[in-house]
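Content type compact mmCIF, C-alpha atoms, from the file final-v3.txt:
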```
# COMPACT_ATOMS: atom_id res chain seq x y z
CA MET A 16 -22.73 -53.85 -65.74
CA SER A 17 -26.02 -52.00 -65.73
CA ALA A 18 -26.74 -48.69 -64.01
CA LEU A 19 -29.02 -50.54 -61.63
CA VAL A 20 -26.14 -52.59 -60.37
CA PHE A 21 -24.00 -49.48 -59.77
CA ALA A 22 -26.83 -47.70 -57.94
CA THR A 23 -27.36 -50.55 -55.51
CA TYR A 24 -23.73 -51.53 -55.12
CA ARG A 25 -22.48 -51.43 -51.55
CA TYR A 26 -19.21 -53.17 -50.86
CA ASN A 27 -18.90 -54.76 -47.44
CA PRO A 28 -15.34 -56.04 -46.89
CA LEU A 29 -16.57 -58.20 -43.98
CA ARG A 30 -19.20 -59.99 -46.14
CA PRO A 31 -17.85 -60.16 -49.73
CA SER A 32 -20.01 -63.14 -50.60
CA ALA A 33 -23.21 -61.24 -49.78
CA THR A 34 -22.06 -58.38 -51.99
CA VAL A 35 -21.39 -60.69 -54.91
CA LEU A 36 -24.80 -62.38 -54.54
CA ARG A 37 -26.62 -59.04 -54.49
CA CYS A 38 -24.84 -57.76 -57.60
CA ALA A 39 -25.38 -61.07 -59.33
CA ALA A 40 -29.10 -60.91 -58.61
CA HIS A 41 -29.41 -57.58 -60.37
CA ARG A 42 -27.55 -58.98 -63.36
CA HIS A 43 -30.02 -61.92 -63.46
CA VAL A 44 -27.20 -64.41 -63.01
CA SER A 45 -27.70 -67.48 -60.91
CA PRO A 46 -25.49 -67.63 -57.85
CA HIS A 47 -24.61 -71.24 -58.74
CA THR A 48 -22.99 -70.08 -61.99
CA LEU A 49 -20.72 -67.55 -60.29
CA SER A 50 -17.99 -70.11 -59.91
CA ALA A 51 -17.76 -70.35 -63.68
CA GLN A 52 -17.45 -66.60 -64.05
CA PRO A 53 -14.03 -64.93 -64.15
CA ALA A 54 -12.76 -63.74 -60.80
CA TRP A 55 -14.44 -60.43 -60.02
CA ASN A 56 -12.92 -57.95 -57.60
CA PRO A 57 -15.43 -55.34 -56.40
CA LEU A 58 -12.55 -53.00 -55.53
CA ASN A 59 -11.87 -52.55 -59.25
CA LEU A 60 -15.42 -51.30 -59.69
CA ALA A 61 -15.00 -48.92 -56.75
CA ARG A 62 -11.80 -47.49 -58.18
CA GLN A 63 -13.49 -46.82 -61.52
CA PHE A 64 -16.89 -45.45 -60.51
CA SER A 65 -16.90 -44.38 -56.88
CA VAL A 66 -16.50 -40.69 -56.18
CA HIS A 67 -14.74 -41.66 -52.94
CA SER A 68 -12.18 -43.83 -54.69
CA PRO A 69 -8.74 -43.80 -53.01
CA ALA A 70 -7.10 -43.75 -56.44
CA ARG A 71 -9.12 -40.75 -57.51
CA ALA A 72 -8.42 -38.95 -54.23
CA SER A 73 -4.71 -39.54 -54.73
CA ASN A 74 -4.88 -38.09 -58.23
CA ASP A 75 -6.78 -35.06 -56.94
CA LYS A 76 -4.07 -34.45 -54.35
CA LYS A 77 -1.36 -34.70 -56.99
CA LEU A 78 -3.17 -32.18 -59.18
CA ARG A 79 -3.64 -29.80 -56.27
CA PHE A 80 0.03 -30.00 -55.26
CA LYS A 81 1.06 -29.44 -58.87
CA GLU A 82 -0.98 -26.25 -59.02
CA LEU A 83 0.79 -24.91 -55.92
CA ARG A 84 4.29 -25.24 -57.33
CA GLU A 85 6.16 -22.19 -58.62
CA ASN A 86 9.37 -21.35 -60.42
CA ILE A 87 12.07 -20.55 -57.87
CA TYR A 88 14.96 -20.22 -60.34
CA THR A 89 14.51 -16.53 -61.06
CA ILE A 90 17.05 -13.73 -61.36
CA PRO A 91 15.94 -12.01 -58.13
CA ASN A 92 16.28 -15.25 -56.18
CA ILE A 93 19.72 -15.90 -57.69
CA LEU A 94 20.90 -12.39 -56.74
CA THR A 95 19.55 -12.87 -53.24
CA ALA A 96 21.34 -16.22 -52.96
CA SER A 97 24.60 -14.59 -54.08
CA ARG A 98 24.19 -12.06 -51.29
CA ILE A 99 23.95 -14.90 -48.81
CA LEU A 100 27.06 -16.54 -50.25
CA ALA A 101 29.00 -13.27 -49.88
CA CYS A 102 28.41 -13.18 -46.11
CA PRO A 103 31.19 -15.64 -45.14
CA ALA A 104 33.67 -13.63 -47.20
CA ILE A 105 32.62 -10.44 -45.40
CA GLY A 106 33.07 -12.09 -42.01
CA TYR A 107 36.48 -13.45 -42.99
CA ALA A 108 37.62 -9.99 -44.14
CA ILE A 109 36.51 -8.35 -40.88
CA ILE A 110 38.20 -10.96 -38.68
CA HIS A 111 41.46 -10.44 -40.55
CA ASP A 112 41.20 -6.61 -40.45
CA ASN A 113 40.73 -6.38 -44.21
CA PHE A 114 38.12 -3.64 -43.99
CA PRO A 115 38.47 -2.35 -47.60
CA VAL A 116 37.40 -5.77 -48.92
CA ALA A 117 34.61 -5.97 -46.37
CA THR A 118 33.42 -2.52 -47.44
CA ALA A 119 33.41 -3.51 -51.11
CA LEU A 120 31.39 -6.64 -50.39
CA LEU A 121 28.94 -4.59 -48.33
CA VAL A 122 28.43 -2.28 -51.31
CA TYR A 123 27.75 -5.34 -53.49
CA ALA A 124 25.23 -6.64 -50.96
CA GLY A 125 23.45 -3.30 -50.88
CA LEU A 126 23.27 -3.06 -54.67
CA THR A 127 21.93 -6.58 -55.12
CA ASP A 128 19.37 -5.97 -52.36
CA THR A 129 18.06 -3.00 -54.34
CA VAL A 130 18.29 -4.54 -57.81
CA ASP A 131 16.63 -7.89 -57.04
CA GLY A 132 13.54 -6.18 -55.65
CA TRP A 133 13.26 -3.91 -58.70
CA ILE A 134 13.64 -6.81 -61.12
CA ALA A 135 11.05 -8.87 -59.26
CA ARG A 136 8.48 -6.07 -59.44
CA ARG A 137 9.32 -4.84 -62.95
CA PHE A 138 9.33 -8.24 -64.66
CA LYS A 139 6.78 -9.96 -62.39
CA MET A 140 9.26 -12.47 -60.97
CA THR A 141 7.94 -12.35 -57.42
CA SER A 142 7.63 -15.67 -55.59
CA VAL A 143 6.73 -16.99 -52.19
CA LEU A 144 10.32 -18.17 -51.80
CA GLY A 145 11.46 -14.62 -52.50
CA THR A 146 9.38 -13.31 -49.59
CA VAL A 147 11.33 -15.68 -47.33
CA LEU A 148 14.74 -15.62 -49.03
CA ASP A 149 15.14 -11.83 -49.13
CA PRO A 150 14.74 -11.23 -45.37
CA ALA A 151 16.80 -14.38 -44.76
CA ALA A 152 19.66 -12.82 -46.75
CA ASP A 153 19.40 -9.64 -44.70
CA LYS A 154 19.45 -11.64 -41.48
CA THR A 155 22.41 -13.72 -42.62
CA LEU A 156 24.34 -10.54 -43.38
CA MET A 157 23.29 -9.02 -40.06
CA THR A 158 24.32 -12.14 -38.14
CA THR A 159 27.70 -12.23 -39.86
CA LEU A 160 28.39 -8.56 -39.15
CA THR A 161 27.11 -8.76 -35.57
CA VAL A 162 29.22 -11.77 -34.63
CA THR A 163 32.43 -10.61 -36.29
CA LEU A 164 32.17 -7.00 -35.11
CA ALA A 165 31.47 -8.18 -31.54
CA MET A 166 34.50 -10.46 -31.76
CA LYS A 167 36.59 -7.44 -32.79
CA ALA A 168 35.07 -5.40 -29.88
CA MET A 169 33.66 -2.86 -32.33
CA ILE A 170 30.10 -3.22 -30.95
CA PRO A 171 28.98 -4.07 -27.37
CA VAL A 172 28.32 -7.72 -26.60
CA PRO A 173 24.89 -7.00 -24.99
CA LEU A 174 23.74 -5.38 -28.23
CA ALA A 175 24.91 -8.43 -30.16
CA ILE A 176 22.95 -10.71 -27.80
CA ILE A 177 19.74 -8.67 -28.32
CA ILE A 178 20.07 -8.76 -32.10
CA LEU A 179 20.97 -12.44 -32.34
CA GLY A 180 18.41 -13.52 -29.73
CA ARG A 181 15.58 -11.90 -31.66
CA ASP A 182 16.69 -13.49 -34.93
CA VAL A 183 16.98 -16.95 -33.37
CA LEU A 184 13.44 -16.75 -31.97
CA LEU A 185 12.04 -15.58 -35.31
CA SER A 186 13.89 -18.36 -37.16
CA LEU A 187 12.51 -21.04 -34.85
CA SER A 188 9.03 -19.59 -35.35
CA ALA A 189 9.49 -19.73 -39.13
CA PHE A 190 10.42 -23.44 -38.99
CA TYR A 191 7.34 -24.16 -36.88
CA ILE A 192 5.03 -22.18 -39.19
CA ARG A 193 6.45 -24.00 -42.21
CA TYR A 194 5.64 -27.37 -40.63
CA LYS A 195 2.14 -26.38 -39.52
CA THR A 196 1.12 -24.86 -42.87
CA LEU A 197 2.72 -27.45 -45.19
CA PRO A 198 -0.01 -29.40 -47.06
CA ALA A 199 -0.16 -33.13 -46.32
CA PRO A 200 1.74 -35.38 -46.55
CA LYS A 201 4.29 -33.74 -44.24
CA THR A 202 7.50 -35.47 -45.33
CA PHE A 203 11.11 -34.39 -44.91
CA SER A 204 11.64 -33.90 -48.65
CA ARG A 205 8.44 -31.89 -49.04
CA TYR A 206 9.32 -29.73 -46.03
CA TRP A 207 12.53 -28.54 -47.72
CA ASP A 208 10.97 -28.33 -51.20
CA MET A 209 10.66 -24.55 -51.51
CA SER A 210 8.64 -24.88 -54.73
CA ILE A 211 5.72 -25.97 -52.52
CA PRO A 212 4.59 -22.73 -50.85
CA SER A 213 2.75 -22.94 -47.56
CA ALA A 214 2.94 -19.49 -45.94
CA GLU A 215 4.01 -15.98 -46.84
CA VAL A 216 6.07 -13.95 -44.39
CA HIS A 217 5.42 -10.21 -44.46
CA PRO A 218 7.77 -8.11 -42.31
CA THR A 219 6.04 -5.53 -40.15
CA ARG A 220 6.68 -1.83 -40.70
CA ILE A 221 8.83 -1.44 -37.60
CA SER A 222 10.72 -4.58 -38.60
CA LYS A 223 11.65 -3.00 -41.93
CA VAL A 224 12.80 0.15 -40.17
CA ASN A 225 14.76 -1.92 -37.66
CA THR A 226 16.47 -3.93 -40.38
CA LEU A 227 17.49 -0.72 -42.13
CA LEU A 228 18.85 0.77 -38.92
CA GLN A 229 20.73 -2.40 -38.05
CA LEU A 230 22.35 -2.56 -41.48
CA LEU A 231 23.26 1.12 -41.30
CA LEU A 232 24.85 0.65 -37.88
CA MET A 233 26.83 -2.42 -38.93
CA ALA A 234 27.86 -0.90 -42.24
CA THR A 235 28.96 2.36 -40.59
CA THR A 236 30.91 0.43 -37.97
CA THR A 237 32.55 -1.72 -40.66
CA VAL A 238 33.66 1.20 -42.84
CA SER A 239 34.67 3.42 -39.88
CA PRO A 240 38.28 2.08 -39.87
CA VAL A 241 38.50 3.08 -43.56
CA LEU A 242 36.69 6.45 -43.48
CA GLY A 243 37.40 7.41 -39.83
CA PRO A 244 40.95 8.66 -40.39
CA LEU A 245 39.72 10.81 -43.28
CA LEU A 246 37.17 12.70 -41.17
CA PRO A 247 38.07 15.78 -39.07
CA PHE A 248 36.00 14.51 -36.10
CA SER A 249 35.51 11.29 -34.15
CA VAL A 250 32.54 9.06 -35.06
CA THR A 251 32.62 7.15 -31.76
CA PRO A 252 29.96 9.23 -29.90
CA ALA A 253 27.59 9.03 -32.85
CA LEU A 254 28.05 5.26 -33.11
CA GLU A 255 27.36 4.79 -29.39
CA ALA A 256 24.09 6.76 -29.63
CA PHE A 257 23.15 4.79 -32.74
CA GLN A 258 23.69 1.54 -30.83
CA TRP A 259 21.09 2.51 -28.21
CA ILE A 260 18.56 3.33 -30.95
CA VAL A 261 19.11 -0.01 -32.66
CA ALA A 262 18.72 -1.90 -29.39
CA SER A 263 15.33 -0.24 -28.83
CA THR A 264 14.01 -0.87 -32.35
CA THR A 265 15.19 -4.49 -32.22
CA LEU A 266 13.09 -5.22 -29.14
CA TRP A 267 10.13 -3.32 -30.58
CA SER A 268 10.23 -5.15 -33.92
CA GLY A 269 10.42 -8.54 -32.21
CA ALA A 270 7.24 -7.80 -30.27
CA SER A 271 5.47 -6.55 -33.40
CA TYR A 272 5.40 -10.07 -34.92
CA ILE A 273 3.38 -11.26 -31.93
CA PHE A 274 0.72 -8.54 -32.10
CA THR A 275 0.45 -8.08 -35.89
CA LYS A 276 -2.14 -10.33 -37.56
CA ASP A 277 -0.90 -10.00 -41.16
CA ALA A 278 2.76 -10.84 -40.45
CA VAL A 279 2.18 -14.43 -41.65
CA ARG A 280 -0.39 -15.38 -44.30
CA ILE A 281 -1.29 -18.97 -45.10
CA VAL A 282 -1.23 -19.94 -48.79
CA SER A 283 -4.55 -21.72 -49.34
CA ALA A 284 -4.85 -24.71 -51.64
CA GLY A 285 -7.26 -22.91 -53.92
CA ARG A 286 -5.15 -19.80 -54.48
CA LYS A 287 -2.46 -19.64 -57.08
CA PRO A 288 0.91 -18.47 -55.73
CA PRO A 289 2.53 -15.31 -57.13
CA THR A 290 4.34 -15.75 -60.44
```
Write the structure described by the file as structure tokens, please.
Amino acid sequence: MSALVFATYRYNPLRPSATVLRCAAHRHVSPHTLSAQPAWNPLNLARQFSVHSPARASNDKKLRFKELRENIYTIPNILTASRILACPAIGYAIIHDNFPVATALLVYAGLTDTVDGWIARRFKMTSVLGTVLDPAADKTLMTTLTVTLAMKAMIPVPLAIIILGRDVLLSLSAFYIRYKTLPAPKTFSRYWDMSIPSAEVHPTRISKVNTLLQLLLMATTTVSPVLGPLLPFSVTPALEAFQWIVASTTLWSGASYIFTKDAVRIVSAGRKPPT
């Protein structure tokens, strides 16, 4: 088909016969001989040449989604996942008064938390999933310690409610942000496909301090039955003062996510995710 035909081609789905006659006129073919011609579908021409072709748009979307995928099976992510898997064992040990085992698992969690970050930076294994998985591991550990220690009456219940309430609100916000920033189509499988990044979560400065203080409080409370008898003084007054500090920083850090603009950053389609 000549370039003239392509330049004047306009497909009208409501009047296909008029479209065929116009294209036939430019090809110098009599309309009466069209019946002898092979069946011609103008949609095939649109798919091949039109810049607005649905097929081409679909291919462009596939290419764009492919560019946004990243490798999530890295050593830092595996170490972080192992820290999450250790949380139920820590909770089980605390409930059954096996504080030496709980202390050992806490030491493992602390070591992996330090090592995975170093490996990610040293060997350039950072990922968008890592920015979400690492704080999720810390929160899983915090939730486990908070619930089990409150059940054992080793921390006040109001403090446990403040800590858990903040984490629940932040988790619900993360699910909503994931849905709003996920590139179309928004399907169930794509929502849980962590190789498709949509947003980066950056903890605020006070949130990092709060997480550290919370972990220190829970770790100190957990190991106190093991180290307490070995000390010449009681650690109870110090733990009670520490609990008030953690309650204050927990409320402060929760409010910081509302008033800090860079806490959540959208991953644009044109930017390559971290590798």
> For Thr236 (chain A), which residue out of A:Gly132, A:Pro171, A:Pro91, A:Pro198 is the nearest one, using all atoms listed in the file?
Replying inline: A:Pro171
> Given the choices A:Leu184, A:Leu197, A:Thr159, A:Pro150, which gets closest to Leu227 (chain A) if the distance is worked out from all atoms listed in the file?
Replying inline: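 For Leu227 (chain A), the nearest of the given residues is A:Pro150.
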> When you draw a straight line from CA of Ser249 (chain A) to CA of Thr235 (chain A), how long is it in Å?
Replying inline: 12.8 Å
>> Please report the interatomic distance between CA of Gln229 (chain A) and CA of Asp182 (chain A) in Å with one decimal.
In response: 12.2 Å
> From the list A:Ala262, A:Ala168, A:Val130, A:Leu144, which residue is nearest Thr226 (chain A) when using only C-alpha atoms?
Replying inline: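 Residue with the minimum atom-to-atom distance to Thr226 (chain A): A:Ala262.
Going from CA of Tyr123 (chain A) to CA of Gly106 (chain A) covers 14.3 Å.
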> Between A:Cys102, A:Val224, A:Ile90, A:Ala253, which one has atoms that come closest to Gly145 (chain A), using only C-alpha atoms?
Replying inline: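 Result for the nearest residue to Gly145 (chain A): A:Ile90.
For the residues A:Val261, A:Met140, A:Ala152, A:Ile109, ranking by smallest atom-to-atom distance to Pro173 (chain A) using only C-alpha atoms places A:Val261 first.
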Residue neighbourhood Tyr206 (chain A), 12 Å, all atoms listed in the file, exclusion window fewer than 2 positions, as a short mmCIF file (atom, residue, chain, number, x, y, z; two decimals) with C-alpha atoms, in the frame of the given file:
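Writing done, so here's result.cif:
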```cif
data_model
loop_
_atom_site.label_atom_id
_atom_site.label_comp_id
_atom_site.auth_asym_id
_atom_site.auth_seq_id
_atom_site.Cartn_x
_atom_site.Cartn_y
_atom_site.Cartn_z
CA PHE A 190 10.42 -23.44 -38.99
CA TYR A 191 7.34 -24.16 -36.88
CA ILE A 192 5.03 -22.18 -39.19
CA ARG A 193 6.45 -24.00 -42.21
CA TYR A 194 5.64 -27.37 -40.63
CA LYS A 195 2.14 -26.38 -39.52
CA THR A 196 1.12 -24.86 -42.87
CA LEU A 197 2.72 -27.45 -45.19
CA PRO A 198 -0.01 -29.40 -47.06
CA ALA A 199 -0.16 -33.13 -46.32
CA PRO A 200 1.74 -35.38 -46.55
CA LYS A 201 4.29 -33.74 -44.24
CA THR A 202 7.50 -35.47 -45.33
CA PHE A 203 11.11 -34.39 -44.91
CA SER A 204 11.64 -33.90 -48.65
CA ASP A 208 10.97 -28.33 -51.20
CA MET A 209 10.66 -24.55 -51.51
CA SER A 210 8.64 -24.88 -54.73
CA ILE A 211 5.72 -25.97 -52.52
CA PRO A 212 4.59 -22.73 -50.85
CA SER A 213 2.75 -22.94 -47.56
#
```
> Within 12 Å of (18.0, -15.3, -47.4), in the coordinates the file gives, what residues turn up when you count only C-alpha atoms, written out as an MDAnalysis selection string?
Replying inline: chainID A and resid 91:102 124 128 144:158 186
> Restricting the calculation to all atoms listed in the file, which member of A:Ile87, A:Ala234, A:Leu246, A:Leu228 is positioned closest to Ile260 (chain A)?
Replying inline: A:Leu228
Would you list the contacts of region 267-276 of chain A as a JSON list (two decimals) with C-alpha atoms, in the frame of the given file, taking every protein, DNA or RNA residue within 9 Å and counting all atoms listed in the file, but skipping same-chain residues closer than 4 positions in sequence?
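Output saved as out-v9.json:
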```
[["chain", "number", "residue", "atom", "x", "y", "z"],
["A", 181, "ARG", "CA", 15.58, -11.90, -31.66],
["A", 182, "ASP", "CA", 16.69, -13.49, -34.93],
["A", 184, "LEU", "CA", 13.44, -16.75, -31.97],
["A", 185, "LEU", "CA", 12.04, -15.58, -35.31],
["A", 218, "PRO", "CA", 7.77, -8.11, -42.31],
["A", 219, "THR", "CA", 6.04, -5.53, -40.15],
["A", 220, "ARG", "CA", 6.68, -1.83, -40.70],
["A", 221, "ILE", "CA", 8.83, -1.44, -37.60],
["A", 222, "SER", "CA", 10.72, -4.58, -38.60],
["A", 223, "LYS", "CA", 11.65, -3.00, -41.93],
["A", 224, "VAL", "CA", 12.80, 0.15, -40.17],
["A", 225, "ASN", "CA", 14.76, -1.92, -37.66],
["A", 262, "ALA", "CA", 18.72, -1.90, -29.39],
["A", 263, "SER", "CA", 15.33, -0.24, -28.83],
["A", 280, "ARG", "CA", -0.39, -15.38, -44.30]]
```
Box along x, y and z, 4 Å on every side, all listed atoms of region 233-252 of chain A inside: centre and edge lengths in Å to one decimal, as lines of an AutoDock Vina configuration file.
```
center_x = 33.9
center_y = 6.7
center_z = -36.7
size_x = 22.1
size_y = 26.2
size_z = 21.7
```
>> At a cut-off of 10 Å, using all atoms listed in the file, what residues contact Met166 (chain A)? Leave out same-chain residues fewer than 4 positions from it and give the result as a list in words.
In response: Ile109, Ile110, Leu160, Thr161, Val162, Ile170, Pro171, Val172 and Ala175 of chain A
